[in-house]
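Peer 1: Dropping in data03.txt, with compact mmCIF, C-alpha atoms and all ligand atoms.
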# COMPACT_ATOMS: atom_id res chain seq x y z
CA MET A 4 -25.57 -20.40 25.64
CA PRO A 5 -28.15 -23.18 25.23
CA THR A 6 -27.83 -26.18 27.48
CA PRO A 7 -26.51 -29.17 25.49
CA SER A 8 -28.91 -32.06 25.14
CA SER A 9 -26.48 -34.22 27.08
CA THR A 10 -27.24 -32.28 30.26
CA LYS A 11 -30.75 -30.90 29.69
CA ARG A 12 -33.32 -33.09 31.41
CA VAL A 13 -36.75 -34.12 30.17
CA LYS A 14 -38.99 -32.90 32.96
CA GLY A 15 -41.64 -35.11 34.45
CA VAL A 16 -40.53 -38.19 32.54
CA GLN A 17 -39.55 -41.51 34.08
CA ILE A 18 -38.26 -44.42 32.04
CA TYR A 19 -37.74 -47.89 33.42
CA ARG A 20 -35.51 -50.53 31.92
CA PRO A 21 -35.66 -54.03 33.40
CA ILE A 22 -32.55 -56.12 33.87
CA VAL A 23 -31.72 -59.46 35.43
CA TYR A 24 -28.54 -60.13 37.37
CA GLY A 25 -27.22 -63.13 39.19
CA ASN A 26 -25.46 -66.41 38.68
CA ILE A 27 -25.70 -69.94 37.47
CA ALA A 28 -23.48 -72.56 39.14
CA THR A 29 -22.76 -76.16 38.20
CA PRO A 30 -21.06 -78.67 40.45
CA ILE A 31 -17.74 -80.05 39.26
CA THR A 32 -18.06 -83.80 39.32
CA LYS A 33 -15.53 -86.59 38.81
CA GLU A 34 -16.81 -86.92 35.28
CA ASN A 35 -16.56 -83.30 34.21
CA ARG A 36 -13.48 -82.20 36.20
CA THR A 37 -10.64 -81.09 33.96
CA SER A 38 -7.04 -81.68 34.95
CA ASN A 39 -6.10 -77.99 35.06
CA LEU A 40 -8.54 -77.27 37.90
CA PRO A 41 -7.32 -76.80 41.47
CA PRO A 42 -8.61 -79.83 43.42
CA GLU A 43 -10.43 -77.64 45.97
CA HIS A 44 -12.61 -76.06 43.28
CA THR A 45 -16.10 -77.51 43.49
CA HIS A 46 -18.16 -75.38 41.08
CA ARG A 47 -18.15 -73.65 37.74
CA TRP A 48 -20.16 -70.45 37.73
CA THR A 49 -21.11 -67.45 35.64
CA VAL A 50 -22.31 -64.16 37.02
CA SER A 51 -24.06 -61.85 34.57
CA VAL A 52 -26.12 -58.73 33.99
CA LYS A 53 -28.52 -59.06 31.09
CA GLY A 54 -31.85 -58.14 29.59
CA VAL A 55 -34.88 -59.94 30.94
CA TYR A 56 -35.29 -61.76 27.63
CA ASP A 57 -31.56 -61.90 27.17
CA GLU A 58 -31.80 -58.93 24.84
CA ASP A 59 -28.81 -56.66 24.35
CA ILE A 60 -28.69 -53.93 27.01
CA SER A 61 -25.57 -52.24 25.67
CA TYR A 62 -27.64 -49.48 24.07
CA PHE A 63 -27.92 -47.93 27.54
CA VAL A 64 -25.28 -49.82 29.56
CA LYS A 65 -21.72 -49.05 28.57
CA ARG A 66 -19.77 -51.01 31.17
CA VAL A 67 -20.28 -53.53 33.95
CA GLN A 68 -17.74 -54.12 36.66
CA PHE A 69 -17.82 -57.25 38.81
CA LYS A 70 -15.78 -57.19 42.00
CA LEU A 71 -15.09 -60.75 43.10
CA HIS A 72 -13.72 -62.07 46.39
CA GLU A 73 -10.07 -61.17 46.95
CA THR A 74 -9.13 -64.85 46.75
CA TYR A 75 -9.49 -64.41 42.98
CA THR A 76 -6.66 -62.98 40.93
CA ASN A 77 -7.60 -59.67 39.31
CA ALA A 78 -10.68 -59.55 41.48
CA THR A 79 -12.15 -56.57 39.61
CA ARG A 80 -13.36 -57.62 36.18
CA THR A 81 -14.49 -54.95 33.78
CA LEU A 82 -16.61 -55.62 30.71
CA ASP A 83 -17.02 -52.87 28.12
CA ALA A 84 -19.21 -54.86 25.79
CA PRO A 85 -21.78 -57.60 26.09
CA PRO A 86 -22.08 -60.27 27.24
CA PHE A 87 -21.64 -58.60 30.61
CA GLU A 88 -20.58 -61.71 32.46
CA VAL A 89 -17.72 -63.42 34.25
CA SER A 90 -17.17 -67.17 34.32
CA GLU A 91 -14.99 -68.77 36.96
CA THR A 92 -14.50 -71.84 39.05
CA GLY A 93 -14.17 -71.89 42.83
CA TRP A 94 -15.10 -73.40 46.16
CA GLY A 95 -17.04 -70.78 48.06
CA GLU A 96 -19.94 -68.35 48.02
CA PHE A 97 -19.42 -64.61 48.52
CA ASP A 98 -20.94 -61.23 47.73
CA ILE A 99 -20.17 -59.90 44.29
CA HIS A 100 -20.22 -56.12 43.90
CA ILE A 101 -21.72 -55.25 40.56
CA LYS A 102 -21.32 -51.73 39.22
CA ILE A 103 -23.32 -50.77 36.16
CA PHE A 104 -22.13 -47.75 34.15
CA PHE A 105 -24.59 -46.07 31.82
CA ARG A 106 -23.97 -44.35 28.52
CA THR A 107 -22.03 -41.13 29.07
CA GLU A 108 -24.82 -38.95 27.70
CA SER A 109 -27.10 -40.18 30.48
CA GLY A 110 -25.24 -38.12 33.06
CA GLU A 111 -26.21 -40.90 35.51
CA LYS A 112 -23.98 -42.14 38.29
CA PRO A 113 -23.10 -45.84 38.13
CA LEU A 114 -25.57 -48.16 39.82
CA GLN A 115 -24.16 -50.40 42.54
CA LEU A 116 -25.77 -53.79 43.07
CA TYR A 117 -24.83 -56.75 45.22
CA HIS A 118 -25.31 -60.35 44.40
CA HIS A 119 -24.58 -63.26 46.69
CA LEU A 120 -22.85 -65.82 44.50
CA THR A 121 -24.89 -68.95 45.14
CA LEU A 122 -23.32 -72.34 44.53
CA HIS A 123 -25.51 -74.60 46.63
CA PRO A 124 -29.11 -75.58 45.92
CA PHE A 125 -31.74 -73.86 48.03
CA GLY A 126 -35.49 -73.97 48.32
CA PRO A 127 -37.88 -76.87 48.87
CA ASP A 128 -36.13 -79.47 46.68
CA LYS A 129 -32.58 -78.59 47.54
CA GLU A 130 -31.78 -82.10 48.75
CA ILE A 131 -32.81 -83.72 45.44
CA ALA A 132 -31.08 -80.96 43.52
CA LYS A 133 -27.88 -81.63 45.48
CA GLU A 134 -28.11 -85.38 44.90
CA GLN A 135 -28.63 -84.91 41.19
CA ASN A 136 -25.91 -82.24 40.83
CA ARG A 137 -28.43 -79.90 39.28
CA PRO A 138 -27.24 -76.45 38.25
CA VAL A 139 -28.25 -73.66 40.60
CA HIS A 140 -29.90 -70.53 39.23
CA ALA A 141 -29.91 -67.46 41.44
CA TYR A 142 -31.12 -64.41 39.56
CA GLN A 143 -32.70 -61.18 40.64
CA TYR A 144 -34.87 -58.78 38.71
CA GLU A 145 -34.34 -55.05 38.86
CA GLU A 146 -35.98 -52.13 37.16
CA ILE A 147 -33.56 -49.33 36.47
CA LEU A 148 -35.28 -45.98 36.78
CA PHE A 149 -34.14 -43.08 34.65
CA ASN A 150 -35.80 -40.18 36.39
CA GLU A 151 -36.02 -37.11 34.15
CA PRO A 152 -33.39 -38.46 31.75
CA THR A 153 -31.19 -36.11 29.79
CA GLU A 154 -32.57 -35.35 26.34
CA ALA A 155 -29.77 -37.37 24.77
CA MET A 156 -30.47 -40.35 27.01
CA TYR A 157 -34.20 -40.02 26.38
CA GLU A 158 -33.37 -40.38 22.69
CA VAL A 159 -31.19 -43.41 23.38
CA LEU A 160 -33.83 -45.09 25.52
CA THR A 161 -36.75 -44.45 23.22
CA SER A 162 -35.23 -44.44 19.74
CA ASN A 163 -35.77 -47.22 17.23
CA LYS A 164 -32.28 -48.39 17.94
CA ALA A 165 -33.50 -49.63 21.27
CA PRO A 166 -34.18 -53.33 20.92
CA GLU A 167 -37.72 -54.54 21.30
CA LEU A 168 -38.45 -55.93 24.70
CA ALA A 169 -39.81 -58.97 22.95
CA PRO A 170 -38.35 -62.38 23.66
CA LYS A 171 -35.35 -63.16 21.52
CA ARG A 172 -35.07 -66.68 22.79
CA THR A 173 -37.86 -69.11 23.21
CA GLY A 174 -36.37 -70.78 26.27
CA LYS A 175 -37.91 -70.17 29.66
CA ILE A 176 -35.99 -67.74 31.81
CA MET A 177 -34.81 -69.41 34.96
CA TYR A 178 -35.27 -67.53 38.16
CA ALA A 179 -34.19 -68.15 41.68
CA GLN A 180 -36.76 -69.96 43.72
CA ASP A 181 -36.14 -68.64 47.20
CA THR A 182 -36.35 -65.44 49.16
CA GLU A 183 -33.82 -63.59 47.03
CA GLY A 184 -35.53 -64.68 43.99
CA GLU A 185 -38.21 -64.06 41.87
CA GLU A 186 -41.67 -62.76 41.82
CA GLU A 187 -41.74 -64.03 38.27
CA ASP A 188 -41.52 -67.62 39.33
CA ARG A 189 -44.05 -67.15 42.08
CA LEU A 190 -46.31 -65.35 39.66
CA ALA A 191 -46.14 -68.20 37.16
CA GLU A 192 -46.82 -70.67 39.97
CA ALA A 193 -49.72 -68.53 41.22
CA ILE A 194 -51.25 -68.38 37.74
CA LYS A 195 -50.95 -72.16 37.46
CA GLN A 196 -52.57 -72.60 40.85
CA VAL A 197 -55.42 -70.25 39.98
CA GLN A 198 -56.01 -72.17 36.77
CA GLU A 199 -56.01 -75.47 38.63
CA LEU A 200 -58.32 -74.02 41.23
CA LYS A 201 -60.64 -72.71 38.54
CA GLU A 202 -60.78 -76.12 36.94
CA GLU A 203 -61.36 -77.79 40.28
CA THR A 204 -64.10 -75.30 41.16
CA ARG A 205 -65.69 -75.83 37.77
CA LYS A 206 -65.76 -79.60 38.33
CA LYS A 207 -67.20 -79.19 41.82
CA LEU A 208 -69.84 -76.85 40.42
CA ILE A 209 -70.80 -79.39 37.77
CA ASP A 210 -71.11 -82.08 40.48
CA LYS A 211 -73.24 -79.79 42.63
CA GLU A 212 -75.46 -78.87 39.72
CA LYS A 213 -75.92 -82.57 39.01
CA ALA A 214 -76.74 -83.34 42.64
CA LEU A 215 -79.16 -80.46 42.72
CA ALA A 216 -80.85 -81.60 39.53
CA GLU A 217 -81.18 -85.10 40.97
CA MET A 218 -82.62 -83.71 44.19
CA LYS A 219 -85.09 -81.61 42.28
CA ALA A 220 -86.12 -84.55 40.17
CA ALA A 221 -86.49 -86.78 43.26
CA THR A 222 -88.48 -84.41 45.41
CA GLY A 223 -90.30 -82.60 42.67
CA LYS A 224 -90.32 -79.70 45.12
CA TYR A 225 -88.35 -77.27 43.07
CA PRO A 226 -89.47 -75.77 39.83
CA LYS A 227 -87.19 -76.53 36.91
CA SER A 228 -84.81 -73.72 36.29
C1 LIG B 301 -16.17 -68.57 52.31
N1 LIG B 301 -16.26 -66.22 52.87
O1 LIG B 301 -15.35 -68.77 53.19
C2 LIG B 301 -16.30 -67.13 51.79
C3 LIG B 301 -15.23 -66.85 50.81
C4 LIG B 301 -14.26 -67.33 48.61
C5 LIG B 301 -14.28 -68.25 47.48
C6 LIG B 301 -15.37 -67.63 49.60
C7 LIG B 301 -11.43 -68.75 45.13
C8 LIG B 301 -11.05 -69.71 44.10
C9 LIG B 301 -9.62 -69.58 43.72
C10 LIG B 301 -12.79 -69.02 45.75
O2 LIG B 301 -13.52 -69.92 45.44
N2 LIG B 301 -13.08 -68.15 46.72
O3 LIG B 301 -9.26 -68.56 43.13
O4 LIG B 301 -8.87 -70.50 44.03
O5 LIG B 301 -16.91 -69.45 51.87
If you convert what's in this file into C-alpha cells, what do you get?
Peer 2:
Amino acid sequence: MPTPSSTKRVKGVQIYRPIVYGNIATPITKENRTSNLPPEHTHRWTVSVKGVYDEDISYFVKRVQFKLHETYTNATRTLDAPPFEVSETGWGEFDIHIKIFFRTESGEKPLQLYHHLTLHPFGPDKEIAKEQNRPVHAYQYEEILFNEPTEAMYEVLTSNKAPELAPKRTGKIMYAQDTEGEEEDRLAEAIKQVQELKEETRKKLIDKEKALAEMKAATGKYPKS
C-alpha cells in the first residue's frame, strides 16, 4: 500500500517559518481605569503569537494554547483561529506556557515555548518609560523549522495559499529592547550607526583632503594629484 502523503516525508528539505511571540502591556492609570477592574490590577496586557509582519499564520498553525498563572480563572486558554492572542488585566509578571499546534497533516508534535509576561519597562530608558506610563513591548522572534516535512505539509507551506511574507501593515514592528529581545532592533540600530559612522568618516575624509590640499599648496612639495 502506498504511504499517504500525510505521512510521507520530503527528504532533504527544510522549511523555516518565522513567528513572533510575546506581549504588550499598558499601565492602568487613574484616567483609564474602568470601574469593573479589581483595584489591585495595575496593567492591561495582550500575549500573542503572530506572523513577523502580522500576516496570518493559520495556514500552518491550527491552534495556540496559552497557559497563564493559576491566579487566573480558566488559566488554559485555547485559540483555534487567529488572532492567536489573549488579553487580560492583572498585577504581576509570570511565565506563560505557549503551545503551538500545527496542521494535522504536518505530523509534527506541538511546539512548546515560554514567554515571561513583562509588565514593567526595562532597558536603558526604563525610568522615563515608567514615568510616562509608556506601553511595554516584549516580543521574541522564532524560526519554526519543518525538517523533512510531510508531502502534505510541504504543499501547505509552499502552495500559493501561503500568504506572502511581505508586510501587510506599514507600521514598524515593535521589538523588545533588552536581553530577551530582539536582534531586529539591534540590527536596525547597528545599520543606523554604520550609516552615521559612514557619514562622519566621509566628512572627516573631506576635511583631511582639504587640509592636505592646503599643505600641498603651501609647501609646493607635493605634486598635484
Ligand atoms: C508574582 N509570581 O508574584 C508572580 C505571580 C501572578 C499575577 C504573578 C492575577 C490577576 C487576577 C495576576 O495578575 N496574577 O486574576 O486577579 O508577581
Peer 1: Using only C-alpha atoms and all ligand atoms, find each residue with an atom at most 9 Å away from ligand LIG 301 (chain B) and format the answer as a PyMOL selection string.
Peer 2: chain A and resi 41+43-46+71-76+91-98
Peer 1: Given the selection you just returned, output its residues as a file containing C-alpha atoms, formatted as a PDB file, keeping the file's coordinate frame.
Peer 2:
ATOM      1  CA  PRO A  41      -7.320 -76.800  41.470  1.00  0.00           C
ATOM      2  CA  GLU A  43     -10.430 -77.640  45.970  1.00  0.00           C
ATOM      3  CA  HIS A  44     -12.610 -76.060  43.280  1.00  0.00           C
ATOM      4  CA  THR A  45     -16.100 -77.510  43.490  1.00  0.00           C
ATOM      5  CA  HIS A  46     -18.160 -75.380  41.080  1.00  0.00           C
ATOM      6  CA  LEU A  71     -15.090 -60.750  43.100  1.00  0.00           C
ATOM      7  CA  HIS A  72     -13.720 -62.070  46.390  1.00  0.00           C
ATOM      8  CA  GLU A  73     -10.070 -61.170  46.950  1.00  0.00           C
ATOM      9  CA  THR A  74      -9.130 -64.850  46.750  1.00  0.00           C
ATOM     10  CA  TYR A  75      -9.490 -64.410  42.980  1.00  0.00           C
ATOM     11  CA  THR A  76      -6.660 -62.980  40.930  1.00  0.00           C
ATOM     12  CA  GLU A  91     -14.990 -68.770  36.960  1.00  0.00           C
ATOM     13  CA  THR A  92     -14.500 -71.840  39.050  1.00  0.00           C
ATOM     14  CA  GLY A  93     -14.170 -71.890  42.830  1.00  0.00           C
ATOM     15  CA  TRP A  94     -15.100 -73.400  46.160  1.00  0.00           C
ATOM     16  CA  GLY A  95     -17.040 -70.780  48.060  1.00  0.00           C
ATOM     17  CA  GLU A  96     -19.940 -68.350  48.020  1.00  0.00           C
ATOM     18  CA  PHE A  97     -19.420 -64.610  48.520  1.00  0.00           C
ATOM     19  CA  ASP A  98     -20.940 -61.230  47.730  1.00  0.00           C
TER      20      ASP A  98
END
Peer 1: Nearest to Val55 in chain A among A:Tyr24, A:Glu111, A:Phe125, A:Arg137, with distances taken over only C-alpha atoms: which residue is it?
Peer 2: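 That would be A:Tyr24, the residue with the smallest distance to Val55 in chain A.
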Peer 1: Could you check how far CA of Ile147 in chain A sits from CA of Leu122 in chain A, in Å to one decimal?
Peer 2: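 Spanning CA of Ile147 in chain A to CA of Leu122 in chain A is a straight-line distance of 26.4 Å.
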Peer 1: Which of these, A:Arg80, A:Glu217, A:Thr32, A:Thr107, has the shortest distance to Glu134 in chain A once you count all atoms listed in the file?
Peer 2: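 Under the stated criterion, the closest residue is A:Thr32.
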Peer 1: Quick one: distance from CA of Gln115 in chain A to CA of Thr161 in chain A in Å, one decimal?
Peer 2: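 CA of Thr161 in chain A lies 23.8 Å from CA of Gln115 in chain A.
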Peer 1: When you count all atoms listed in the file, which of these residues is closest to Val16 in chain A: A:Leu148, A:Ala84, A:Val89, A:Leu120?
Peer 2: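 Of A:Leu148, A:Ala84, A:Val89, A:Leu120, the one nearest Val16 in chain A, counting all atoms listed in the file, is A:Leu148.
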Peer 1: As an exercise, work out the distance from CA of Thr10 in chain A to CA of Gly110 in chain A in Å and give it to one decimal place.
Peer 2: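 Distance reported for this atom pair: 6.8 Å.
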